[in-house]
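Undergrad: What follows is target_36.pdb; its format and atoms are PDB, C-alpha atoms.
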```pdb
ATOM      1  CA  MET Z 240       0.000   0.000   0.000
ATOM      2  CA  THR Z 241       1.290   3.482  -0.815
ATOM      3  CA  ASP Z 242       1.900   6.115   1.830
ATOM      4  CA  GLN Z 243      -1.378   7.728   0.873
ATOM      5  CA  GLY Z 244      -3.200   4.528   1.697
ATOM      6  CA  HIS Z 245      -1.906   4.619   5.283
ATOM      7  CA  HIS Z 246      -3.898   7.770   5.997
ATOM      8  CA  ARG Z 247      -7.360   6.680   7.047
ATOM      9  CA  ALA Z 248      -8.743  10.116   6.114
ATOM     10  CA  GLU Z 249      -7.737   9.546   2.515
ATOM     11  CA  GLN Z 250      -9.334   6.106   2.192
ATOM     12  CA  ILE Z 251     -12.750   6.727   0.663
ATOM     13  CA  ASP Z 252     -15.630   4.800  -0.834
ATOM     14  CA  CYS Z 253     -15.958   6.726  -4.090
ATOM     15  CA  LEU Z 254     -14.018   9.321  -6.028
ATOM     16  CA  ILE Z 255     -16.018  11.482  -8.429
ATOM     17  CA  VAL Z 256     -14.153  13.368 -11.150
ATOM     18  CA  GLY Z 257     -16.120  16.309 -12.516
ATOM     19  CA  GLY Z 258     -18.229  18.990 -10.844
ATOM     20  CA  GLY Z 259     -21.053  19.346 -13.341
ATOM     21  CA  PRO Z 260     -24.664  18.228 -12.852
ATOM     22  CA  ALA Z 261     -23.836  14.498 -13.126
ATOM     23  CA  GLY Z 262     -20.953  14.559 -10.661
ATOM     24  CA  LEU Z 263     -22.672  16.790  -8.111
ATOM     25  CA  ALA Z 264     -25.946  14.848  -8.197
ATOM     26  CA  ALA Z 265     -24.040  11.593  -7.699
ATOM     27  CA  ALA Z 266     -22.162  13.151  -4.778
ATOM     28  CA  THR Z 267     -25.492  14.028  -3.153
ATOM     29  CA  TYR Z 268     -26.800  10.487  -3.567
ATOM     30  CA  LEU Z 269     -23.630   8.875  -2.223
ATOM     31  CA  GLY Z 270     -23.449  11.305   0.680
ATOM     32  CA  ARG Z 271     -27.029  10.448   1.586
ATOM     33  CA  PHE Z 272     -26.118   6.763   1.324
ATOM     34  CA  ARG Z 273     -23.617   7.659   4.094
ATOM     35  CA  ARG Z 274     -20.656   6.827   1.906
ATOM     36  CA  ARG Z 275     -17.369   8.671   2.113
ATOM     37  CA  VAL Z 276     -17.261  10.468  -1.226
ATOM     38  CA  VAL Z 277     -14.828  13.073  -2.526
ATOM     39  CA  LEU Z 278     -15.529  15.051  -5.697
ATOM     40  CA  PHE Z 279     -12.720  16.763  -7.595
ATOM     41  CA  ASP Z 280     -13.921  19.788  -9.578
ATOM     42  CA  ALA Z 281     -11.560  21.543 -11.993
ATOM     43  CA  GLY Z 282     -14.253  24.169 -12.638
ATOM     44  CA  GLU Z 283     -14.724  23.248 -16.302
ATOM     45  CA  SER Z 284     -18.374  22.146 -16.407
ATOM     46  CA  ARG Z 285     -19.989  23.346 -19.631
ATOM     47  CA  ALA Z 286     -23.089  24.087 -17.516
ATOM     48  CA  LYS Z 287     -21.374  27.231 -16.205
ATOM     49  CA  PHE Z 288     -21.820  28.815 -19.660
ATOM     50  CA  ILE Z 289     -25.613  28.462 -19.667
ATOM     51  CA  PRO Z 290     -27.155  31.967 -19.517
ATOM     52  CA  ILE Z 291     -30.559  30.504 -18.625
ATOM     53  CA  THR Z 292     -32.131  27.083 -19.095
ATOM     54  CA  ARG Z 293     -35.884  26.734 -19.099
ATOM     55  CA  ASN Z 294     -36.072  22.985 -19.683
ATOM     56  CA  CYS Z 295     -34.351  21.844 -16.489
ATOM     57  CA  PRO Z 296     -37.104  20.036 -14.571
ATOM     58  CA  GLY Z 297     -38.383  21.949 -11.556
ATOM     59  CA  PHE Z 298     -37.480  25.472 -12.689
ATOM     60  CA  PRO Z 299     -40.449  26.811 -14.683
ATOM     61  CA  ASP Z 300     -38.992  30.336 -14.741
ATOM     62  CA  GLY Z 301     -35.578  29.028 -15.797
ATOM     63  CA  ILE Z 302     -32.250  28.991 -14.005
ATOM     64  CA  SER Z 303     -28.751  30.028 -15.002
ATOM     65  CA  GLY Z 304     -26.002  27.448 -15.230
ATOM     66  CA  PRO Z 305     -23.886  29.049 -12.465
ATOM     67  CA  ASP Z 306     -26.934  29.255 -10.147
ATOM     68  CA  LEU Z 307     -27.813  25.604 -10.804
ATOM     69  CA  LEU Z 308     -24.237  24.495 -10.122
ATOM     70  CA  SER Z 309     -24.192  26.542  -6.909
ATOM     71  CA  ARG Z 310     -27.396  24.881  -5.690
ATOM     72  CA  LEU Z 311     -26.089  21.418  -6.603
ATOM     73  CA  ARG Z 312     -22.856  22.107  -4.712
ATOM     74  CA  GLN Z 313     -24.797  23.215  -1.622
ATOM     75  CA  GLN Z 314     -26.937  20.093  -1.795
ATOM     76  CA  ALA Z 315     -23.901  17.804  -2.122
ATOM     77  CA  LEU Z 316     -22.148  19.490   0.803
ATOM     78  CA  ARG Z 317     -25.247  19.262   3.024
ATOM     79  CA  SER Z 318     -25.444  15.555   2.178
ATOM     80  CA  GLY Z 319     -21.955  14.974   3.542
ATOM     81  CA  ALA Z 320     -19.917  14.865   0.328
ATOM     82  CA  GLU Z 321     -16.510  16.542   0.235
ATOM     83  CA  LEU Z 322     -15.833  18.859  -2.709
ATOM     84  CA  ARG Z 323     -12.300  19.778  -3.698
ATOM     85  CA  ASP Z 324     -11.726  22.542  -6.231
ATOM     86  CA  GLU Z 325      -8.820  20.699  -7.776
ATOM     87  CA  ALA Z 326      -7.976  18.927 -11.007
ATOM     88  CA  VAL Z 327      -7.067  15.242 -10.922
ATOM     89  CA  HIS Z 328      -3.777  14.623 -12.720
ATOM     90  CA  ASP Z 329      -3.749  10.852 -12.822
ATOM     91  CA  ILE Z 330      -5.746   7.795 -11.715
ATOM     92  CA  LYS Z 331      -4.130   4.373 -11.367
ATOM     93  CA  ARG Z 332      -5.379   0.933 -10.347
ATOM     94  CA  ASP Z 333      -3.916  -0.564  -7.182
ATOM     95  CA  GLY Z 334      -5.357  -4.022  -6.793
ATOM     96  CA  ALA Z 335      -9.130  -3.674  -6.510
ATOM     97  CA  GLU Z 336      -8.859   0.029  -5.653
ATOM     98  CA  PHE Z 337      -7.961   3.259  -7.400
ATOM     99  CA  ILE Z 338      -5.426   5.923  -6.461
ATOM    100  CA  ALA Z 339      -6.046   9.432  -7.782
ATOM    101  CA  ALA Z 340      -3.268  12.006  -7.757
ATOM    102  CA  GLY Z 341      -3.719  15.764  -7.824
ATOM    103  CA  PRO Z 342      -2.807  18.573  -5.416
ATOM    104  CA  THR Z 343      -4.204  16.076  -2.891
ATOM    105  CA  SER Z 344      -4.562  12.323  -3.381
ATOM    106  CA  VAL Z 345      -7.128   9.708  -2.425
ATOM    107  CA  ARG Z 346      -7.535   5.950  -2.494
ATOM    108  CA  ALA Z 347     -11.011   4.891  -3.543
ATOM    109  CA  ARG Z 348     -12.953   1.678  -3.874
ATOM    110  CA  ALA Z 349     -14.918   3.071  -6.833
ATOM    111  CA  VAL Z 350     -14.508   5.917  -9.323
ATOM    112  CA  LEU Z 351     -17.248   7.794 -11.166
ATOM    113  CA  LEU Z 352     -16.076   9.744 -14.216
ATOM    114  CA  ALA Z 353     -18.355  12.724 -14.860
ATOM    115  CA  THR Z 354     -15.833  14.547 -17.006
ATOM    116  CA  GLY Z 355     -18.217  15.710 -19.728
ATOM    117  CA  VAL Z 356     -17.342  17.152 -23.099
ATOM    118  CA  VAL Z 357     -15.733  20.327 -24.418
ATOM    119  CA  ASP Z 358     -17.502  21.885 -27.393
ATOM    120  CA  THR Z 359     -15.470  22.797 -30.464
ATOM    121  CA  LEU Z 360     -16.229  26.446 -31.190
ATOM    122  CA  PRO Z 361     -15.108  28.942 -33.821
ATOM    123  CA  ASP Z 362     -11.660  30.248 -32.927
ATOM    124  CA  ILE Z 363     -12.796  33.731 -31.980
ATOM    125  CA  PRO Z 364     -11.983  35.966 -29.006
ATOM    126  CA  LEU Z 365     -15.546  36.590 -27.809
ATOM    127  CA  ALA Z 366     -17.025  33.070 -27.942
ATOM    128  CA  THR Z 367     -17.805  32.957 -24.207
ATOM    129  CA  ASP Z 368     -19.420  36.411 -24.301
ATOM    130  CA  MET Z 369     -21.570  35.370 -27.249
ATOM    131  CA  ILE Z 370     -22.743  32.236 -25.430
ATOM    132  CA  ARG Z 371     -23.629  34.214 -22.321
ATOM    133  CA  GLY Z 372     -25.427  36.784 -24.461
ATOM    134  CA  GLY Z 373     -27.397  34.169 -26.384
ATOM    135  CA  THR Z 374     -26.042  35.099 -29.836
ATOM    136  CA  MET Z 375     -24.120  31.811 -29.918
ATOM    137  CA  ARG Z 376     -26.049  28.785 -28.693
ATOM    138  CA  LEU Z 377     -24.809  25.237 -28.232
ATOM    139  CA  CYS Z 378     -27.832  22.977 -27.840
ATOM    140  CA  PRO Z 379     -31.108  23.240 -29.780
ATOM    141  CA  ILE Z 380     -32.643  20.538 -27.560
ATOM    142  CA  CYS Z 381     -32.030  22.868 -24.610
ATOM    143  CA  ASP Z 382     -32.984  26.186 -26.116
ATOM    144  CA  GLY Z 383     -34.452  25.873 -29.606
ATOM    145  CA  TYR Z 384     -37.684  27.023 -27.971
ATOM    146  CA  GLU Z 385     -35.998  30.367 -27.218
ATOM    147  CA  VAL Z 386     -35.372  31.146 -30.915
ATOM    148  CA  ILE Z 387     -38.868  30.538 -32.281
ATOM    149  CA  ASP Z 388     -39.329  32.467 -35.559
ATOM    150  CA  LYS Z 389     -35.907  34.098 -35.233
ATOM    151  CA  ARG Z 390     -33.156  34.227 -37.843
ATOM    152  CA  VAL Z 391     -30.897  31.278 -37.024
ATOM    153  CA  ALA Z 392     -27.729  29.869 -38.573
ATOM    154  CA  VAL Z 393     -25.965  26.566 -37.999
ATOM    155  CA  MET Z 394     -22.204  26.705 -38.569
ATOM    156  CA  GLY Z 395     -19.987  23.718 -39.235
ATOM    157  CA  PRO Z 396     -18.955  21.068 -41.775
ATOM    158  CA  LEU Z 397     -21.861  20.717 -44.181
ATOM    159  CA  LYS Z 398     -22.896  17.191 -43.181
ATOM    160  CA  GLU Z 399     -23.077  17.963 -39.450
ATOM    161  CA  ALA Z 400     -24.602  21.408 -39.895
ATOM    162  CA  VAL Z 401     -27.391  19.995 -42.062
ATOM    163  CA  LYS Z 402     -28.419  17.563 -39.283
ATOM    164  CA  LYS Z 403     -28.670  20.333 -36.717
ATOM    165  CA  ALA Z 404     -30.436  22.721 -39.079
ATOM    166  CA  SER Z 405     -33.015  20.070 -39.953
ATOM    167  CA  PHE Z 406     -33.746  19.628 -36.243
ATOM    168  CA  MET Z 407     -34.211  23.404 -35.923
ATOM    169  CA  ARG Z 408     -37.045  23.476 -38.498
ATOM    170  CA  THR Z 409     -39.516  22.839 -35.677
ATOM    171  CA  TYR Z 410     -38.702  26.284 -34.291
ATOM    172  CA  THR Z 411     -38.059  28.594 -37.226
ATOM    173  CA  ARG Z 412     -38.278  28.671 -41.003
ATOM    174  CA  ASP Z 413     -35.529  31.306 -41.235
ATOM    175  CA  LEU Z 414     -32.585  28.920 -41.285
ATOM    176  CA  THR Z 415     -29.157  29.126 -42.892
ATOM    177  CA  VAL Z 416     -26.399  26.535 -42.968
ATOM    178  CA  LEU Z 417     -22.984  28.230 -42.775
ATOM    179  CA  ALA Z 418     -20.675  25.600 -44.273
ATOM    180  CA  THR Z 419     -17.121  25.752 -42.950
ATOM    181  CA  ASP Z 420     -15.711  23.155 -45.366
ATOM    182  CA  GLY Z 421     -15.949  25.330 -48.465
ATOM    183  CA  ALA Z 422     -18.291  25.484 -51.413
ATOM    184  CA  CYS Z 423     -16.953  22.380 -53.171
ATOM    185  CA  ARG Z 424     -19.427  19.989 -51.517
ATOM    186  CA  MET Z 425     -22.391  22.304 -51.250
ATOM    187  CA  ASP Z 426     -24.103  21.065 -54.412
ATOM    188  CA  GLU Z 427     -24.324  17.575 -52.881
ATOM    189  CA  CYS Z 428     -27.216  18.450 -50.593
ATOM    190  CA  SER Z 429     -28.206  21.983 -51.513
ATOM    191  CA  GLY Z 430     -31.216  20.659 -53.463
ATOM    192  CA  PRO Z 431     -32.878  18.852 -50.518
ATOM    193  CA  LEU Z 432     -31.974  21.766 -48.261
ATOM    194  CA  ARG Z 433     -33.625  24.268 -50.544
ATOM    195  CA  GLU Z 434     -36.704  22.063 -50.681
ATOM    196  CA  ALA Z 435     -36.734  22.238 -46.873
ATOM    197  CA  GLY Z 436     -36.385  26.014 -47.027
ATOM    198  CA  ILE Z 437     -32.871  26.034 -45.571
ATOM    199  CA  ARG Z 438     -30.338  28.352 -47.211
ATOM    200  CA  VAL Z 439     -26.693  27.294 -47.646
ATOM    201  CA  GLU Z 440     -23.707  29.633 -47.595
ATOM    202  CA  ALA Z 441     -19.975  29.033 -47.341
ATOM    203  CA  CYS Z 442     -18.504  31.123 -44.529
ATOM    204  CA  ILE Z 443     -15.292  32.114 -42.796
ATOM    205  CA  PRO Z 444     -15.942  30.648 -39.305
ATOM    206  CA  ASN Z 445     -13.367  32.696 -37.409
ATOM    207  CA  SER Z 446     -14.995  35.913 -38.663
ATOM    208  CA  LEU Z 447     -18.023  35.379 -36.389
ATOM    209  CA  ARG Z 448     -18.548  38.365 -34.080
ATOM    210  CA  PRO Z 449     -21.280  39.791 -31.822
ATOM    211  CA  LEU Z 450     -23.080  42.852 -33.157
ATOM    212  CA  GLY Z 451     -25.306  44.214 -30.416
ATOM    213  CA  GLU Z 452     -27.951  41.560 -29.823
ATOM    214  CA  HIS Z 453     -27.062  39.772 -33.052
ATOM    215  CA  ALA Z 454     -24.230  37.767 -34.596
ATOM    216  CA  ILE Z 455     -22.462  38.739 -37.813
ATOM    217  CA  VAL Z 456     -20.330  36.516 -40.022
ATOM    218  CA  LEU Z 457     -18.326  36.986 -43.205
ATOM    219  CA  LEU Z 458     -19.352  34.784 -46.105
ATOM    220  CA  SER Z 459     -16.737  33.320 -48.432
ATOM    221  CA  GLY Z 460     -17.914  35.586 -51.256
ATOM    222  CA  GLY Z 461     -17.148  38.702 -49.214
ATOM    223  CA  ALA Z 462     -20.646  39.651 -48.076
ATOM    224  CA  THR Z 463     -21.672  39.689 -44.411
ATOM    225  CA  CYS Z 464     -24.759  38.087 -42.908
ATOM    226  CA  THR Z 465     -26.499  38.838 -39.605
ATOM    227  CA  PHE Z 466     -28.404  36.377 -37.403
ATOM    228  CA  ASP Z 467     -30.231  36.389 -34.083
ATOM    229  CA  ALA Z 468     -28.350  33.236 -33.056
ATOM    230  CA  VAL Z 469     -25.664  30.946 -34.448
ATOM    231  CA  TYR Z 470     -25.381  27.298 -33.424
ATOM    232  CA  PRO Z 471     -21.953  25.715 -33.983
ATOM    233  CA  ALA Z 472     -22.073  22.130 -35.282
ATOM    234  CA  MET Z 473     -18.342  21.537 -35.059
ATOM    235  CA  GLY Z 474     -18.237  18.524 -32.771
ATOM    236  CA  CYS Z 475     -16.758  18.183 -29.305
ATOM    237  CA  ARG Z 476     -13.945  16.531 -27.375
ATOM    238  CA  THR Z 477     -14.910  14.049 -24.685
ATOM    239  CA  GLY Z 478     -13.336  13.886 -21.241
ATOM    240  CA  ALA Z 479     -12.666  10.159 -21.597
ATOM    241  CA  LYS Z 480      -8.896  10.183 -21.029
ATOM    242  CA  PHE Z 481      -8.952   8.793 -17.474
ATOM    243  CA  GLY Z 482     -11.320   6.057 -18.565
ATOM    244  CA  ILE Z 483      -9.143   5.082 -21.529
ATOM    245  CA  ASP Z 484      -6.010   5.063 -19.351
ATOM    246  CA  LEU Z 485      -7.747   2.719 -16.913
ATOM    247  CA  GLY Z 486      -8.906   0.334 -19.642
ATOM    248  CA  ALA Z 487     -12.470   1.461 -20.331
ATOM    249  CA  THR Z 488     -13.777   1.098 -23.866
ATOM    250  CA  CYS Z 489     -15.067   3.964 -25.997
ATOM    251  CA  ASP Z 490     -17.296   4.173 -29.048
ATOM    252  CA  ASP Z 491     -16.192   5.609 -32.406
ATOM    253  CA  LEU Z 492     -16.948   9.159 -31.249
ATOM    254  CA  GLY Z 493     -14.831   8.837 -28.097
ATOM    255  CA  TYR Z 494     -17.649   8.416 -25.553
ATOM    256  CA  ILE Z 495     -17.162   5.933 -22.711
ATOM    257  CA  ILE Z 496     -19.235   2.772 -23.132
ATOM    258  CA  VAL Z 497     -21.283   1.759 -20.079
ATOM    259  CA  ASP Z 498     -23.970  -0.780 -19.248
ATOM    260  CA  ALA Z 499     -27.447  -0.128 -17.838
ATOM    261  CA  HIS Z 500     -25.903   0.569 -14.390
ATOM    262  CA  GLN Z 501     -23.367   3.094 -15.766
ATOM    263  CA  ARG Z 502     -20.566   0.540 -15.279
ATOM    264  CA  THR Z 503     -17.586   0.455 -17.641
ATOM    265  CA  VAL Z 504     -15.779  -2.793 -18.430
ATOM    266  CA  VAL Z 505     -13.348  -1.967 -15.590
ATOM    267  CA  PRO Z 506     -14.655  -3.242 -12.212
ATOM    268  CA  GLY Z 507     -15.409  -0.310  -9.922
ATOM    269  CA  LEU Z 508     -15.175   2.296 -12.698
ATOM    270  CA  TYR Z 509     -18.360   4.136 -13.685
ATOM    271  CA  ALA Z 510     -19.197   6.992 -16.067
ATOM    272  CA  ALA Z 511     -22.148   9.407 -16.166
ATOM    273  CA  GLY Z 512     -23.333  12.504 -17.969
ATOM    274  CA  ASP Z 513     -22.040  13.945 -21.225
ATOM    275  CA  VAL Z 514     -18.943  11.701 -21.288
ATOM    276  CA  VAL Z 515     -21.396   8.877 -22.094
ATOM    277  CA  ASN Z 516     -23.029   8.875 -25.539
ATOM    278  CA  GLU Z 517     -26.561  10.006 -24.742
ATOM    279  CA  ILE Z 518     -28.260  13.325 -25.453
ATOM    280  CA  ASN Z 519     -26.310  15.990 -23.567
ATOM    281  CA  GLN Z 520     -28.999  17.103 -21.140
ATOM    282  CA  ILE Z 521     -29.010  18.049 -17.471
ATOM    283  CA  ALA Z 522     -31.979  15.735 -16.884
ATOM    284  CA  VAL Z 523     -30.037  12.831 -18.426
ATOM    285  CA  ALA Z 524     -27.020  13.645 -16.244
ATOM    286  CA  PHE Z 525     -29.238  13.489 -13.151
ATOM    287  CA  GLY Z 526     -30.595  10.115 -14.238
ATOM    288  CA  HIS Z 527     -27.128   8.706 -14.870
ATOM    289  CA  ALA Z 528     -25.993  10.013 -11.483
ATOM    290  CA  ALA Z 529     -28.850   8.353  -9.595
ATOM    291  CA  ILE Z 530     -28.293   5.016 -11.366
ATOM    292  CA  ALA Z 531     -24.509   5.049 -10.936
ATOM    293  CA  ALA Z 532     -24.546   6.172  -7.297
ATOM    294  CA  THR Z 533     -27.091   3.548  -6.303
ATOM    295  CA  ASP Z 534     -25.095   0.785  -7.983
ATOM    296  CA  ILE Z 535     -21.858   2.029  -6.371
ATOM    297  CA  HIS Z 536     -23.563   1.968  -2.962
TER     298      HIS Z 536
END
```
Spell out the structure here as structure tokens.
TA:
Amino acid sequence: MTDQGHHRAEQIDCLIVGGGPAGLAAATYLGRFRRRVVLFDAGESRAKFIPITRNCPGFPDGISGPDLLSRLRQQALRSGAELRDEAVHDIKRDGAEFIAAGPTSVRARAVLLATGVVDTLPDIPLATDMIRGGTMRLCPICDGYEVIDKRVAVMGPLKEAVKKASFMRTYTRDLTVLATDGACRMDECSGPLREAGIRVEACIPNSLRPLGEHAIVLLSGGATCTFDAVYPAMGCRTGAKFGIDLGATCDDLGYIIVDAHQRTVVPGLYAAGDVVNEINQIAVAFGHAAIAATDIH
């Protein structure tokens, strides 16, 4: 046993990596199960960028991402969980247990990875400001309702942008696909898109800027176009590294594969929330957390 293992205070039942909705909800459950649980939060939850969500169950007037995270943290702390505002650097197996190293270290009988995803955004200086202002939006499932009948664009490689734009037709007929992979492939699906009433333009993605309450972008032909909101469809990077290092399997998109109890193929290693390939929703994260925490207990 390592030196860390000799310290009784550092021997815990479950380590949770990630302080977003999935990790914090799981911490609440495990704390209420009277388990010794420590959550490491590097402060990178994508929920902190949400200006207001009106489809989170229980908040009919909506709630901001930072406010929701604050409430979830309070709830976890009141349930007896320990929260550390630290990043985990490494997790290793040691027999049937796990040792996590960071500014502080713990030995745990189980690990729950709630490490989420990082959205790929246009490489622009004001991306965060645009998200907070609602001129750049990340999730039409979350907030398509907020852009009903507005002028909306979906920016990304043509194939991915078309999928997202087609989903948006429920909310608005004023839709434009801003293709980032040039005009060479646009003829391939411009016909069906036009039939659906969706315009197609090639754009310069890094030219996207806020303009008051709107977004403006430079088209490849030199003209500019203004929208009420732009949705990037440029993919994301999953937080699966710890899982891969420990031997978990991932699907073709890099999401950790789990069973119906949120278990990976590694005994004692679980995953929940956006790092698992389900729709990226707070409600789904809560469900994963409840299932995983109960199975861990």
Undergrad: To one decimal in Å, tell me the separation between CA of Val350 in chain Z and CA of Ala510 in chain Z.
TA: 8.3 Å
Undergrad: At a cut-off of 7 Å, using all atoms listed in the file, what residues contact Tyr494 in chain Z? Leave out same-chain residues fewer than 4 positions from it and give the result as a tab-separated table (two decimals) with C-alpha atoms, in the coordinates of the input.
TA:
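In the end it all went to around.tsv:
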```tsv
chain	number	residue	atom	x	y	z
Z	477	THR	CA	-14.91	14.05	-24.68
Z	479	ALA	CA	-12.67	10.16	-21.60
Z	489	CYS	CA	-15.07	3.96	-26.00
Z	490	ASP	CA	-17.30	4.17	-29.05
Z	514	VAL	CA	-18.94	11.70	-21.29
Z	515	VAL	CA	-21.40	8.88	-22.09
Z	516	ASN	CA	-23.03	8.88	-25.54
```
Undergrad: Show me, as an NGL selection string, the residues that have an atom within 6 Å of Ala472 in chain Z when counting all atoms listed in the file, minus same-chain residues fewer than 6 positions from it.
TA: :Z and (394-395 or 399-400)
Undergrad: On this structure, the PyMOL selection byres ((chain Z and resi 383) around 12) would catch which residues? List them as a PyMOL selection string, sorted by chain and number.
TA: chain Z and resi 292-294+373+375-382+384-393+403-411+468-470
Undergrad: Could you write those residues out with C-alpha atoms, as a JSON list (two decimals), in the coordinates of the input?
TA:
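Below is the file that was written, selection-v1.json:
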```json
[["chain", "number", "residue", "atom", "x", "y", "z"],
["Z", 292, "THR", "CA", -32.13, 27.08, -19.10],
["Z", 293, "ARG", "CA", -35.88, 26.73, -19.10],
["Z", 294, "ASN", "CA", -36.07, 22.98, -19.68],
["Z", 373, "GLY", "CA", -27.40, 34.17, -26.38],
["Z", 375, "MET", "CA", -24.12, 31.81, -29.92],
["Z", 376, "ARG", "CA", -26.05, 28.78, -28.69],
["Z", 377, "LEU", "CA", -24.81, 25.24, -28.23],
["Z", 378, "CYS", "CA", -27.83, 22.98, -27.84],
["Z", 379, "PRO", "CA", -31.11, 23.24, -29.78],
["Z", 380, "ILE", "CA", -32.64, 20.54, -27.56],
["Z", 381, "CYS", "CA", -32.03, 22.87, -24.61],
["Z", 382, "ASP", "CA", -32.98, 26.19, -26.12],
["Z", 384, "TYR", "CA", -37.68, 27.02, -27.97],
["Z", 385, "GLU", "CA", -36.00, 30.37, -27.22],
["Z", 386, "VAL", "CA", -35.37, 31.15, -30.92],
["Z", 387, "ILE", "CA", -38.87, 30.54, -32.28],
["Z", 388, "ASP", "CA", -39.33, 32.47, -35.56],
["Z", 389, "LYS", "CA", -35.91, 34.10, -35.23],
["Z", 390, "ARG", "CA", -33.16, 34.23, -37.84],
["Z", 391, "VAL", "CA", -30.90, 31.28, -37.02],
["Z", 392, "ALA", "CA", -27.73, 29.87, -38.57],
["Z", 393, "VAL", "CA", -25.96, 26.57, -38.00],
["Z", 403, "LYS", "CA", -28.67, 20.33, -36.72],
["Z", 404, "ALA", "CA", -30.44, 22.72, -39.08],
["Z", 405, "SER", "CA", -33.02, 20.07, -39.95],
["Z", 406, "PHE", "CA", -33.75, 19.63, -36.24],
["Z", 407, "MET", "CA", -34.21, 23.40, -35.92],
["Z", 408, "ARG", "CA", -37.04, 23.48, -38.50],
["Z", 409, "THR", "CA", -39.52, 22.84, -35.68],
["Z", 410, "TYR", "CA", -38.70, 26.28, -34.29],
["Z", 411, "THR", "CA", -38.06, 28.59, -37.23],
["Z", 468, "ALA", "CA", -28.35, 33.24, -33.06],
["Z", 469, "VAL", "CA", -25.66, 30.95, -34.45],
["Z", 470, "TYR", "CA", -25.38, 27.30, -33.42]]
```
Undergrad: Written as a list in words, what is the full residue list that the PyMOL selection byres ((chain Z and resi 361) around 6) yields on the file shown?
TA: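 Given this file, the PyMOL selection byres ((chain Z and resi 361) around 6) evaluates to Leu360, Asp362, Ile363, Pro444 and Asn445 of chain Z.
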Undergrad: Give me a file of those residues, with C-alpha atoms, as a CSV table (one decimal), in the frame of the given file.
TA:
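For reference, selection.csv as written:
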```csv
chain,number,residue,atom,x,y,z
Z,360,LEU,CA,-16.2,26.4,-31.2
Z,362,ASP,CA,-11.7,30.2,-32.9
Z,363,ILE,CA,-12.8,33.7,-32.0
Z,444,PRO,CA,-15.9,30.6,-39.3
Z,445,ASN,CA,-13.4,32.7,-37.4
```
Undergrad: Within 8 Å of Asp358 in chain Z, counting only C-alpha atoms, which residues show up once you throw out same-chain ones fewer than 4 positions away? Write them as a list in words, please.
TA: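 The filter keeps Met473, Gly474, Cys475 and Arg476 of chain Z.
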Undergrad: Write out as a list in words each polymer residue whose atoms come within 10 Å of range 322-325 of chain Z, counting all atoms listed in the file; drop sequence neighbours fewer than 2 positions from it.
TA: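 Skipping anything fewer than 2 positions along the chain leaves Ile255, Val256, Gly257, Gly258, Leu263, Ala266, Val276, Val277, Leu278, Phe279, Asp280, Ala281, Gly282, Arg312, Ala315, Leu316, Gly319, Ala320, Val327, His328, Gly341, Pro342 and Thr343 of chain Z.
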Undergrad: One decimal, Å: what's the distance from CA of Ala353 in chain Z over to CA of Gly334 in chain Z, could you say?
TA: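 Value for the CA of Ala353 in chain Z-CA of Gly334 in chain Z distance: 22.7 Å.
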Undergrad: Just to confirm, what's the straight-line distance from CA of Ala286 in chain Z to CA of Asp467 in chain Z in Å (one decimal)?
TA: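 About the pair CA of Ala286 in chain Z and CA of Asp467 in chain Z: they are 21.8 Å apart.
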Undergrad: Nearest to His500 in chain Z among Z:Asp534, Z:Asp413, Z:Glu434, Z:Asp300, with distances taken over all atoms listed in the file: which residue is it?
TA: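 Residue with the minimum atom-to-atom distance to His500 in chain Z: Z:Asp534.
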Undergrad: Could you pull the residues within 10 Å of Leu254 in chain Z, counting only C-alpha atoms, minus those fewer than 6 positions along the same chain, as a VMD selection string?
TA: chain Z and resid 262 266 275 to 279 321 337 to 339 345 to 352 508
Undergrad: Using only C-alpha atoms, which residue out of Z:Lys398, Z:Arg448, Z:His453, Z:Lys331 lies closest to Ala418 in chain Z?
TA: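 Ranking Z:Lys398, Z:Arg448, Z:His453, Z:Lys331 by distance to Ala418 in chain Z, first place goes to Z:Lys398.
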Undergrad: Choose the residue, out of Z:Ser446, Z:Asn519, Z:Ser318, Z:Ser459, that has the smallest atom-to-atom separation from Gly421 in chain Z; count all atoms listed in the file.
TA: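 For Gly421 in chain Z, the nearest of the candidates is Z:Ser459.
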Undergrad: Between Z:Arg371, Z:Arg310, Z:Arg274, Z:His536, which is the closest to Pro260 in chain Z once you count only C-alpha atoms?
TA: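 Of Z:Arg371, Z:Arg310, Z:Arg274, Z:His536, the one nearest Pro260 in chain Z, counting only C-alpha atoms, is Z:Arg310.
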Undergrad: Evaluated on this file, the PyMOL selection byres ((chain Z and resi 307) around 10) picks out some residues - which ones are they, written as a list in words?
TA: Gly259, Pro260, Ala286, Lys287, Ile289, Ile291, Thr292, Cys295, Phe298, Gly301, Ile302, Ser303, Gly304, Pro305, Asp306, Leu308, Ser309, Arg310, Leu311, Arg312 and Gln313 of chain Z
